[in-house]
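Structure file my_file_6.cif; described as mmCIF, C-alpha atoms.
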data_data
#
loop_
_atom_site.label_atom_id
_atom_site.label_comp_id
_atom_site.auth_asym_id
_atom_site.auth_seq_id
_atom_site.Cartn_x
_atom_site.Cartn_y
_atom_site.Cartn_z
CA MET A 1 0.00 0.00 0.00
CA VAL A 2 1.22 3.50 -0.87
CA SER A 3 1.39 5.87 2.11
CA MET A 4 0.67 9.53 1.44
CA MET A 5 3.12 12.34 2.09
CA LYS A 6 2.20 14.80 4.85
CA GLU A 7 0.13 17.58 3.28
CA CYS A 8 1.16 21.01 4.59
CA PHE A 9 0.49 24.69 3.91
CA ARG A 10 2.68 27.73 4.41
CA TRP A 11 1.28 30.16 6.99
CA TYR A 12 2.71 33.60 7.80
CA GLY A 13 1.23 33.87 11.26
CA PRO A 14 -1.80 35.68 12.70
CA ASN A 15 -1.58 38.48 10.13
CA ASP A 16 -1.65 36.10 7.15
CA PRO A 17 -4.64 36.87 4.90
CA VAL A 18 -5.16 33.10 4.71
CA PRO A 19 -6.38 31.97 8.16
CA LEU A 20 -5.71 28.57 9.69
CA ALA A 21 -9.39 27.67 9.34
CA HIS A 22 -9.16 27.97 5.55
CA ILE A 23 -5.98 25.88 5.49
CA ALA A 24 -7.79 23.16 7.41
CA GLN A 25 -10.61 23.32 4.84
CA ALA A 26 -8.02 22.70 2.11
CA GLY A 27 -7.34 19.33 3.73
CA ALA A 28 -3.82 20.08 4.90
CA THR A 29 -2.85 18.77 8.33
CA GLY A 30 0.58 20.36 8.73
CA ILE A 31 1.67 23.99 8.96
CA VAL A 32 4.94 25.38 7.64
CA THR A 33 5.78 28.62 9.40
CA ALA A 34 8.31 30.65 11.38
CA LEU A 35 8.61 33.49 13.86
CA HIS A 36 8.33 36.12 11.14
CA SER A 37 8.85 38.92 13.64
CA VAL A 38 12.45 37.81 14.36
CA TYR A 39 14.60 38.22 11.26
CA ASP A 40 17.68 39.92 12.69
CA GLY A 41 19.59 36.73 13.52
CA SER A 42 18.83 36.92 17.25
CA PRO A 43 17.70 33.79 19.11
CA TRP A 44 14.06 32.75 18.87
CA PRO A 45 12.41 32.93 22.32
CA GLU A 46 10.94 29.63 23.44
CA GLU A 47 7.85 31.34 24.85
CA ASP A 48 7.12 32.94 21.45
CA LEU A 49 7.49 29.57 19.76
CA ARG A 50 5.08 27.97 22.24
CA ARG A 51 2.57 30.75 21.66
CA HIS A 52 2.85 30.30 17.88
CA LYS A 53 2.48 26.54 18.18
CA GLY A 54 -0.55 27.00 20.43
CA LEU A 55 -2.33 29.02 17.74
CA ILE A 56 -1.67 26.27 15.20
CA GLU A 57 -2.87 23.48 17.47
CA ALA A 58 -5.97 25.45 18.46
CA GLY A 59 -6.85 25.31 14.76
CA GLY A 60 -6.60 21.52 14.79
CA LEU A 61 -3.31 21.51 12.87
CA GLU A 62 0.30 20.50 13.53
CA TRP A 63 3.42 22.65 13.22
CA ALA A 64 5.25 20.30 10.86
CA VAL A 65 8.16 22.37 9.49
CA VAL A 66 9.98 25.54 10.50
CA GLU A 67 10.59 27.70 7.43
CA SER A 68 12.87 29.45 8.02
CA ILE A 69 15.33 30.32 10.77
CA PRO A 70 17.17 33.12 8.95
CA VAL A 71 20.89 32.74 8.31
CA HIS A 72 22.43 36.13 9.09
CA ASN A 73 24.41 37.84 6.35
CA SER A 74 27.57 37.83 8.51
CA ILE A 75 27.58 34.03 8.23
CA LYS A 76 27.28 34.15 4.45
CA ILE A 77 30.16 36.64 4.05
CA ALA A 78 32.26 35.14 6.89
CA SER A 79 32.58 38.41 8.75
CA PRO A 80 34.33 38.48 12.16
CA GLU A 81 30.97 38.39 13.96
CA ARG A 82 29.68 35.23 12.28
CA ASP A 83 30.41 32.99 15.27
CA ARG A 84 28.13 35.10 17.45
CA TYR A 85 25.29 34.67 14.96
CA ILE A 86 25.99 30.96 14.57
CA GLY A 87 25.77 30.66 18.35
CA TRP A 88 22.38 32.39 18.27
CA TYR A 89 21.30 30.05 15.47
CA LYS A 90 22.14 27.10 17.72
CA ASP A 91 20.05 28.71 20.47
CA SER A 92 17.11 28.93 18.06
CA LEU A 93 17.55 25.27 17.13
CA ARG A 94 17.43 24.32 20.81
CA ALA A 95 14.28 26.39 21.33
CA VAL A 96 12.59 24.80 18.30
CA ALA A 97 13.49 21.34 19.57
CA LYS A 98 11.97 22.11 22.97
CA VAL A 99 8.59 22.86 21.40
CA GLY A 100 8.70 19.62 19.39
CA VAL A 101 9.27 20.70 15.77
CA GLU A 102 11.95 18.53 14.14
CA THR A 103 12.27 19.74 10.52
CA ILE A 104 13.95 23.07 9.77
CA CYS A 105 14.11 24.49 6.24
CA TYR A 106 16.59 27.32 5.60
CA ASN A 107 18.37 28.95 2.70
CA PHE A 108 21.83 30.37 2.02
CA MET A 109 20.95 32.71 -0.85
CA PRO A 110 23.00 35.92 -0.75
CA VAL A 111 21.23 39.29 -0.42
CA LEU A 112 17.89 38.30 -1.98
CA ASP A 113 15.54 35.41 -1.38
CA TRP A 114 13.37 34.13 -4.25
CA THR A 115 13.32 36.67 -7.07
CA ARG A 116 10.64 37.59 -9.63
CA THR A 117 10.20 40.59 -11.91
CA GLU A 118 6.42 40.27 -12.25
CA LEU A 119 3.90 39.29 -9.56
CA LYS A 120 0.75 39.41 -11.72
CA HIS A 121 1.58 37.89 -15.08
CA PRO A 122 -1.69 37.14 -16.92
CA MET A 123 -2.40 33.53 -17.83
CA PRO A 124 -4.72 32.49 -20.71
CA ASN A 125 -7.48 31.50 -18.26
CA GLY A 126 -7.46 34.89 -16.49
CA ALA A 127 -5.43 33.79 -13.48
CA LEU A 128 -2.27 35.68 -12.54
CA ALA A 129 1.15 34.08 -12.07
CA LEU A 130 4.59 34.99 -10.79
CA ARG A 131 7.13 35.48 -13.59
CA PHE A 132 10.83 36.11 -14.01
CA ASP A 133 11.55 38.02 -17.22
CA ALA A 134 15.25 37.67 -18.00
CA VAL A 135 15.30 40.71 -20.30
CA ASP A 136 13.50 42.93 -17.78
CA PHE A 137 15.94 41.77 -15.12
CA ALA A 138 18.95 42.56 -17.30
CA ALA A 139 17.50 45.96 -18.16
CA TYR A 140 17.07 46.74 -14.48
CA ASP A 141 20.55 45.51 -13.55
CA LEU A 142 22.31 47.31 -16.39
CA PHE A 143 20.42 50.56 -16.82
CA ILE A 144 18.46 51.29 -13.62
CA LEU A 145 20.53 49.81 -10.82
CA LYS A 146 23.68 50.37 -12.90
CA ARG A 147 25.57 47.74 -10.94
CA PRO A 148 29.32 48.16 -11.44
CA GLY A 149 30.63 45.46 -13.79
CA ALA A 150 27.16 44.21 -14.70
CA GLU A 151 27.90 44.28 -18.43
CA GLY A 152 30.44 41.49 -17.91
CA ASP A 153 27.68 39.11 -16.77
CA TYR A 154 25.61 39.28 -19.95
CA ALA A 155 26.15 38.13 -23.53
CA PRO A 156 26.15 40.92 -26.14
CA GLU A 157 22.77 39.83 -27.49
CA LYS A 158 21.22 39.97 -24.00
CA ILE A 159 22.62 43.48 -23.48
CA ALA A 160 21.15 44.56 -26.82
CA ALA A 161 17.76 43.07 -25.91
CA ALA A 162 17.87 44.77 -22.50
CA GLU A 163 18.74 48.12 -24.10
CA ALA A 164 15.81 47.81 -26.50
CA ARG A 165 13.48 46.86 -23.64
CA MET A 166 14.68 49.81 -21.59
CA ALA A 167 13.99 52.20 -24.44
CA GLU A 168 10.31 51.22 -24.48
CA MET A 169 9.83 50.80 -20.73
CA SER A 170 7.51 53.22 -18.95
CA GLU A 171 8.49 54.78 -15.64
CA GLU A 172 5.61 52.92 -13.97
CA ARG A 173 6.79 49.55 -15.27
CA ALA A 174 10.39 50.26 -14.28
CA ALA A 175 9.25 51.20 -10.77
CA ARG A 176 7.13 48.05 -10.52
CA ILE A 177 10.04 45.82 -11.57
CA GLU A 178 12.31 47.48 -9.01
CA ARG A 179 9.69 47.11 -6.30
CA ASN A 180 9.18 43.44 -7.11
CA LEU A 181 12.91 42.72 -7.13
CA ILE A 182 14.14 44.53 -4.04
CA ALA A 183 11.32 45.74 -1.80
CA GLY A 184 10.88 42.41 -0.05
CA LEU A 185 8.62 39.45 -0.89
CA PRO A 186 7.07 36.97 1.58
CA ALA A 187 9.75 35.38 3.80
CA SER A 188 12.34 37.92 2.73
CA GLU A 189 14.79 38.76 5.48
CA ARG A 190 15.76 42.20 4.21
CA GLN A 191 14.26 45.07 2.25
CA TYR A 192 16.22 47.51 0.11
CA ASP A 193 16.16 50.70 -1.80
CA ARG A 194 18.54 51.09 -4.74
CA ALA A 195 21.46 52.45 -2.70
CA LEU A 196 21.08 49.81 0.03
CA LEU A 197 20.99 47.03 -2.56
CA LEU A 198 24.24 48.23 -4.14
CA ARG A 199 25.88 48.31 -0.71
CA ALA A 200 24.63 44.80 0.06
CA LEU A 201 25.94 43.49 -3.27
CA ALA A 202 29.33 45.05 -2.52
CA ASP A 203 29.68 42.65 0.43
CA TYR A 204 29.98 39.83 -2.11
CA GLU A 205 32.29 41.54 -4.59
CA GLY A 206 34.89 39.03 -5.75
CA MET A 207 33.28 36.13 -3.88
CA THR A 208 33.25 32.91 -5.90
CA PRO A 209 30.84 29.98 -5.58
CA ASP A 210 33.70 28.04 -3.95
CA ASP A 211 34.10 30.83 -1.39
CA LEU A 212 30.39 30.85 -0.57
CA HIS A 213 30.35 27.06 -0.36
CA GLY A 214 33.21 27.27 2.13
CA HIS A 215 31.19 29.67 4.29
CA LEU A 216 28.20 27.31 4.13
CA ALA A 217 30.40 24.33 5.01
CA TYR A 218 31.75 26.21 8.04
CA PHE A 219 28.17 26.93 9.14
CA LEU A 220 27.15 23.29 8.68
CA ARG A 221 30.11 21.94 10.62
CA GLU A 222 28.95 24.12 13.51
CA ILE A 223 25.21 23.48 13.49
CA VAL A 224 24.84 19.89 12.23
CA PRO A 225 26.27 18.34 15.44
CA VAL A 226 23.73 20.38 17.43
CA ALA A 227 20.92 19.20 15.14
CA GLU A 228 22.08 15.60 15.57
CA GLU A 229 22.08 15.97 19.34
CA LEU A 230 18.57 17.43 19.31
CA GLY A 231 17.11 14.98 16.78
CA LEU A 232 16.47 17.70 14.19
CA ARG A 233 16.51 17.50 10.40
CA LEU A 234 18.00 20.51 8.57
CA CYS A 235 17.04 20.93 4.92
CA ILE A 236 18.45 23.66 2.70
CA HIS A 237 16.28 25.30 0.05
CA PRO A 238 17.88 25.60 -3.41
CA ASP A 239 18.68 28.90 -5.09
CA ASP A 240 15.61 30.50 -6.67
CA PRO A 241 16.09 30.87 -9.54
CA ALA A 242 18.91 28.36 -9.83
CA PHE A 243 21.26 30.61 -11.78
CA PRO A 244 23.32 33.72 -10.90
CA LEU A 245 21.70 37.11 -10.38
CA PHE A 246 23.32 40.50 -9.79
CA GLY A 247 26.75 38.86 -10.06
CA LEU A 248 26.12 36.90 -6.85
CA PRO A 249 27.46 33.36 -6.41
CA ARG A 250 25.04 30.42 -6.39
CA ILE A 251 25.78 27.15 -4.59
CA VAL A 252 22.56 25.07 -4.42
CA SER A 253 21.40 24.97 -8.02
CA THR A 254 22.32 21.56 -9.47
CA ALA A 255 22.71 17.91 -8.56
CA ALA A 256 26.47 18.44 -8.28
CA ASP A 257 25.83 21.27 -5.82
CA ALA A 258 23.58 19.02 -3.74
CA ARG A 259 26.22 16.27 -3.64
CA ARG A 260 28.85 18.75 -2.49
CA LEU A 261 26.55 20.21 0.15
CA LEU A 262 25.65 16.83 1.61
CA ALA A 263 29.30 15.75 1.66
CA ALA A 264 30.27 18.91 3.57
CA ALA A 265 28.57 17.45 6.66
CA ASP A 266 27.82 13.80 5.99
CA SER A 267 24.97 13.31 8.41
CA PRO A 268 21.26 12.48 8.15
CA ALA A 269 20.70 15.79 9.94
CA ASN A 270 22.11 17.64 6.92
CA GLY A 271 19.50 17.35 4.20
CA LEU A 272 17.59 18.99 1.38
CA THR A 273 14.35 20.82 0.78
CA PHE A 274 13.48 19.51 -2.67
CA CYS A 275 11.91 22.50 -4.44
CA THR A 276 10.79 21.39 -7.89
CA GLY A 277 10.22 24.98 -9.02
CA SER A 278 13.70 26.18 -8.08
CA TYR A 279 15.60 23.19 -9.47
CA GLY A 280 13.18 23.23 -12.42
CA THR A 281 14.46 26.59 -13.65
CA ARG A 282 17.50 24.71 -15.04
CA GLU A 283 16.79 22.35 -17.93
CA GLU A 284 19.72 20.07 -17.09
CA ASN A 285 18.27 19.19 -13.68
CA ASP A 286 16.60 15.77 -13.98
CA LEU A 287 14.20 16.11 -11.06
CA PRO A 288 13.00 12.47 -10.70
CA ALA A 289 16.61 11.27 -10.95
CA MET A 290 17.65 13.77 -8.26
CA VAL A 291 14.92 12.47 -5.94
CA ARG A 292 16.12 8.91 -6.49
CA GLU A 293 19.74 9.90 -5.79
CA PHE A 294 19.17 12.14 -2.79
CA GLY A 295 15.99 10.58 -1.43
CA PRO A 296 17.35 9.50 1.96
CA ARG A 297 18.38 13.10 2.67
CA ILE A 298 15.23 14.84 1.37
CA HIS A 299 13.42 16.04 4.48
CA PHE A 300 10.85 18.38 2.90
CA ALA A 301 9.34 19.01 -0.55
CA HIS A 302 8.09 22.19 -2.20
CA LEU A 303 5.98 21.07 -5.13
CA ARG A 304 5.31 23.53 -7.95
CA ASN A 305 6.14 23.88 -11.62
CA VAL A 306 7.60 26.48 -13.93
CA THR A 307 7.50 26.93 -17.68
CA ARG A 308 10.98 27.75 -18.95
CA GLU A 309 11.49 30.04 -21.93
CA PRO A 310 14.47 30.04 -24.33
CA ASP A 311 15.90 33.36 -23.11
CA GLY A 312 16.10 32.30 -19.46
CA SER A 313 12.70 33.68 -18.47
CA PHE A 314 10.12 31.50 -16.73
CA HIS A 315 6.73 31.73 -15.11
CA GLU A 316 4.95 29.71 -12.45
CA ALA A 317 2.83 27.14 -14.29
CA ASP A 318 -0.02 24.91 -13.19
CA HIS A 319 1.32 22.40 -10.71
CA LEU A 320 0.84 19.54 -13.18
CA GLY A 321 1.82 21.64 -16.20
CA GLY A 322 5.04 23.41 -17.00
CA SER A 323 8.46 22.14 -18.01
CA SER A 324 8.98 19.53 -15.28
CA ASP A 325 7.32 16.12 -14.87
CA LEU A 326 5.82 16.70 -11.43
CA PRO A 327 3.90 13.37 -11.31
CA ALA A 328 7.20 11.54 -11.86
CA VAL A 329 8.73 13.50 -8.97
CA ILE A 330 5.78 12.62 -6.72
CA ILE A 331 6.10 8.93 -7.63
CA ALA A 332 9.82 9.04 -6.79
CA LEU A 333 9.06 10.68 -3.43
CA LEU A 334 6.40 8.05 -2.65
CA ASP A 335 8.90 5.31 -3.53
CA GLU A 336 11.41 6.91 -1.16
CA GLN A 337 8.81 6.90 1.60
CA ALA A 338 8.15 3.20 1.00
CA ARG A 339 11.88 2.48 1.16
CA ARG A 340 12.11 4.33 4.48
CA GLN A 341 9.16 2.43 5.91
CA ALA A 342 10.75 -0.87 4.93
CA GLU A 343 13.96 0.31 6.57
CA GLY A 344 12.07 1.18 9.75
CA ARG A 345 12.85 4.91 9.73
CA ALA A 346 10.76 6.87 12.22
CA ASP A 347 10.87 9.88 9.88
CA TRP A 348 9.58 7.98 6.87
CA GLN A 349 6.86 10.50 5.98
CA ILE A 350 7.99 13.47 3.86
CA PRO A 351 6.14 16.75 4.45
CA LEU A 352 5.17 18.62 1.29
CA ARG A 353 3.56 21.92 0.56
CA PRO A 354 2.09 23.28 -2.67
CA ASP A 355 4.07 26.35 -3.58
CA HIS A 356 3.42 29.62 -5.45
CA GLY A 357 -0.15 29.09 -6.55
CA HIS A 358 -1.77 31.28 -9.16
CA LEU A 359 -3.90 34.24 -8.12
CA MET A 360 -7.37 33.21 -9.24
CA ALA A 361 -11.13 33.31 -8.64
CA ASP A 362 -12.21 35.31 -5.58
CA ASP A 363 -8.59 35.94 -4.57
CA LEU A 364 -8.29 38.26 -7.58
CA VAL A 365 -10.39 40.90 -5.85
CA LYS A 366 -9.02 40.64 -2.32
CA GLU A 367 -7.25 43.73 -1.04
CA ARG A 368 -4.36 41.92 0.60
CA ILE A 369 -2.56 38.84 -0.74
CA ASN A 370 0.98 37.59 -0.17
CA PRO A 371 2.36 37.12 -3.72
CA GLY A 372 2.50 33.40 -4.49
CA TYR A 373 0.63 32.51 -1.31
CA SER A 374 -3.02 33.10 -2.10
CA LEU A 375 -5.46 30.46 -0.89
CA ILE A 376 -7.25 29.20 -3.98
CA GLY A 377 -4.24 28.71 -6.25
CA ARG A 378 -2.44 26.68 -3.60
CA LEU A 379 -5.63 24.78 -2.75
CA ARG A 380 -5.88 23.82 -6.43
CA GLY A 381 -2.23 22.75 -6.40
CA LEU A 382 -2.68 20.66 -3.27
CA GLY A 383 -5.74 19.01 -4.78
CA GLU A 384 -3.79 18.10 -7.92
CA ILE A 385 -0.87 16.73 -5.90
CA ARG A 386 -3.26 14.75 -3.70
CA GLY A 387 -4.93 13.37 -6.81
CA VAL A 388 -1.59 12.13 -8.18
CA MET A 389 -0.77 10.42 -4.86
CA HIS A 390 -4.14 8.69 -4.67
CA GLY A 391 -3.97 7.72 -8.34
CA VAL A 392 -0.59 6.06 -7.79
CA ALA A 393 -1.91 4.27 -4.69
CA THR A 394 -4.99 3.02 -6.55
CA GLU A 395 -3.02 1.78 -9.56
CA ARG A 396 -0.57 -0.11 -7.37
CA ARG A 397 -3.33 -1.64 -5.29
CA LEU A 398 -5.12 -2.86 -8.41
CA ASN A 399 -1.91 -4.23 -9.91
CA ALA A 400 -1.20 -6.12 -6.68
CA ALA A 401 -4.68 -7.64 -6.55
#
Write out the structure in this file as structure tokens.
Amino acid sequence: MVSMMKECFRWYGPNDPVPLAHIAQAGATGIVTALHSVYDGSPWPEEDLRRHKGLIEAGGLEWAVVESIPVHNSIKIASPERDRYIGWYKDSLRAVAKVGVETICYNFMPVLDWTRTELKHPMPNGALALRFDAVDFAAYDLFILKRPGAEGDYAPEKIAAAEARMAEMSEERAARIERNLIAGLPASERQYDRALLLRALADYEGMTPDDLHGHLAYFLREIVPVAEELGLRLCIHPDDPAFPLFGLPRIVSTAADARRLLAAADSPANGLTFCTGSYGTREENDLPAMVREFGPRIHFAHLRNVTREPDGSFHEADHLGGSSDLPAVIIALLDEQARRQAEGRADWQIPLRPDHGHLMADDLVKERINPGYSLIGRLRGLGEIRGVMHGVATERRLNAA
């Protein structure tokens, strides 16, 4: 018999426009959340965690995954104060363990979290999607931000396309692109204006992917033993998108990156958040094969899909549409669960959440929506994912009969 993955929903706390009651109606049983009021790298207070967990449990749900305990910038750039922030990170891990949450998703992306140029890209059916337009991004980087040395990061034809785009771009559109890129999206740790962004990028000037990997490896060598001691599972989110932006190094974008990351601290406590949308922005990433290779160390799954375009642009597609074979990924994850059950692993069940749903139906007219985290689009995605899981279970049961 096929056992289902744990169905979860992202929740941004009491001020989230999507209340816990609506998440329960979607059929999810797990909540993915964080202390969104504490993003300065300081330790998470245990009493605040207990209060947050109490709200979730009062709604009949379980706090399944912490996403995310922020990794302070000093750790990413290896500044002299990084050990103080790593110590505080350990304190947060201990506090999370005390309230009984065992899975912690985090990311190591420099300066910006997930990045999109358009938050309301129209789809043929009238829904609105998140989109990354590679030409708009280049136009912003080259001609609005005017990042020093930016021209060296683009092929001549991309520079020409960006220059042509800039010539036709209205002030309103340019302002919207800048706002979408740097003003802070859901789960973002920092917000910028143009001058602040340039200063933040300067922290990484000359840093190579090998340098950034070394900083991540240092961090892992410090926190993984603590996670082991506490019985926690750490799972890093891949770069989103999984290619360089603003001249910044990327280190969790490919299967080779994942192998290197896992080898840096070879422990079950050092694992992956398998985000199909992030890894799916690179055509060479074979997502089902990556699940089969890294399955034992996948502690959490973000399931969504993107449609890639030839120039490097992409948009968030239907969960079962797009450029990646999401049903094949789900089957591989279910097979990994079955392997764990046969092995007797207590943590056999993999939590998943539908990610970056389209803005659609009644959500289109709501005054306040977190981009990518509206209710109905994610509800649709969860329903489609659930349908795939039950379809696989039914087929295998019939074949075994």
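Here atom CA of A:Lys90 is placed at a distance of 8.5 Å from atom CA of A:Glu222.
Between A:Tyr218 and the candidates A:Ile75, A:Val329, A:Ile144, A:Val365, the tightest atom-to-atom separation, counting only C-alpha atoms, involves A:Ile75.
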List the residues selected by the PyMOL selection byres ((chain A and resi 372-379) around 10) in the file shown, writing them as a compact mmCIF listing (two decimals) with C-alpha atoms, in the frame of the given file.
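And here's out.txt as it stands now:
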# COMPACT_ATOMS: atom_id res chain seq x y z
CA PHE A 9 0.49 24.69 3.91
CA ARG A 10 2.68 27.73 4.41
CA TRP A 11 1.28 30.16 6.99
CA TYR A 12 2.71 33.60 7.80
CA ASP A 16 -1.65 36.10 7.15
CA PRO A 17 -4.64 36.87 4.90
CA VAL A 18 -5.16 33.10 4.71
CA PRO A 19 -6.38 31.97 8.16
CA HIS A 22 -9.16 27.97 5.55
CA ILE A 23 -5.98 25.88 5.49
CA GLN A 25 -10.61 23.32 4.84
CA ALA A 26 -8.02 22.70 2.11
CA GLY A 27 -7.34 19.33 3.73
CA ALA A 28 -3.82 20.08 4.90
CA LEU A 119 3.90 39.29 -9.56
CA LYS A 120 0.75 39.41 -11.72
CA ALA A 127 -5.43 33.79 -13.48
CA LEU A 128 -2.27 35.68 -12.54
CA ALA A 129 1.15 34.08 -12.07
CA LEU A 130 4.59 34.99 -10.79
CA LEU A 185 8.62 39.45 -0.89
CA PRO A 186 7.07 36.97 1.58
CA ARG A 304 5.31 23.53 -7.95
CA GLU A 316 4.95 29.71 -12.45
CA ASP A 318 -0.02 24.91 -13.19
CA HIS A 319 1.32 22.40 -10.71
CA ARG A 353 3.56 21.92 0.56
CA PRO A 354 2.09 23.28 -2.67
CA ASP A 355 4.07 26.35 -3.58
CA HIS A 356 3.42 29.62 -5.45
CA GLY A 357 -0.15 29.09 -6.55
CA HIS A 358 -1.77 31.28 -9.16
CA LEU A 359 -3.90 34.24 -8.12
CA MET A 360 -7.37 33.21 -9.24
CA ALA A 361 -11.13 33.31 -8.64
CA ASP A 362 -12.21 35.31 -5.58
CA ASP A 363 -8.59 35.94 -4.57
CA LEU A 364 -8.29 38.26 -7.58
CA LYS A 366 -9.02 40.64 -2.32
CA ARG A 368 -4.36 41.92 0.60
CA ILE A 369 -2.56 38.84 -0.74
CA ASN A 370 0.98 37.59 -0.17
CA PRO A 371 2.36 37.12 -3.72
CA ARG A 380 -5.88 23.82 -6.43
CA GLY A 381 -2.23 22.75 -6.40
CA LEU A 382 -2.68 20.66 -3.27
CA GLY A 383 -5.74 19.01 -4.78
CA GLU A 384 -3.79 18.10 -7.92
CA ILE A 385 -0.87 16.73 -5.90
Residues near A:Val111, cut-off 12 Å, all atoms listed in the file, skip fewer than 4 positions along chain, as a PyMOL selection string
chain A and resi 70-77+107+115+181-184+188-192+196-204+239+245-250
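Checking A:Ile350, A:Lys146, A:Gly277, A:Leu216 one by one against A:Ala338, counting all atoms listed in the file, you find the shortest gap at A:Ile350.
Using the PyMOL selection byres ((chain A and resi 280) around 9) on this structure selects A:Pro241, A:Ala242, A:Cys275, A:Thr276, A:Gly277, A:Ser278, A:Tyr279, A:Thr281, A:Arg282, A:Glu283, A:Glu284, A:Asn285, A:Asp286, A:Leu287, A:Asn305, A:Val306, A:Thr307, A:Arg308, A:Ser323, A:Ser324.
Across the chains present, the PyMOL selection byres ((chain A and resi 169-178) around 10) applied to this file returns Arg116, Thr117, Glu118, Leu119, Asp133, Asp136, Phe137, Ala139, Tyr140, Asp141, Ile144, Leu145, Glu163, Ala164, Arg165, Met166, Ala167, Glu168, Arg179, Asn180, Leu181, Ile182, Ala183, Tyr192, Asp193 and Arg194 of chain A.
Straight-line separation from atom CA of A:Asp257 to atom CA of A:Met290: 11.4 Å.
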Around the point (18.1, 10.0, 1.2) in the file's coordinates, collect all residues with an atom within 10 Å, using only C-alpha atoms, and return them as an MDAnalysis selection string.
chainID A and resid 268 271:272 291:299 336:337 339:340
Quick one, how far is atom CA of A:Leu352 from atom CA of A:Gly30?
8.9 Å
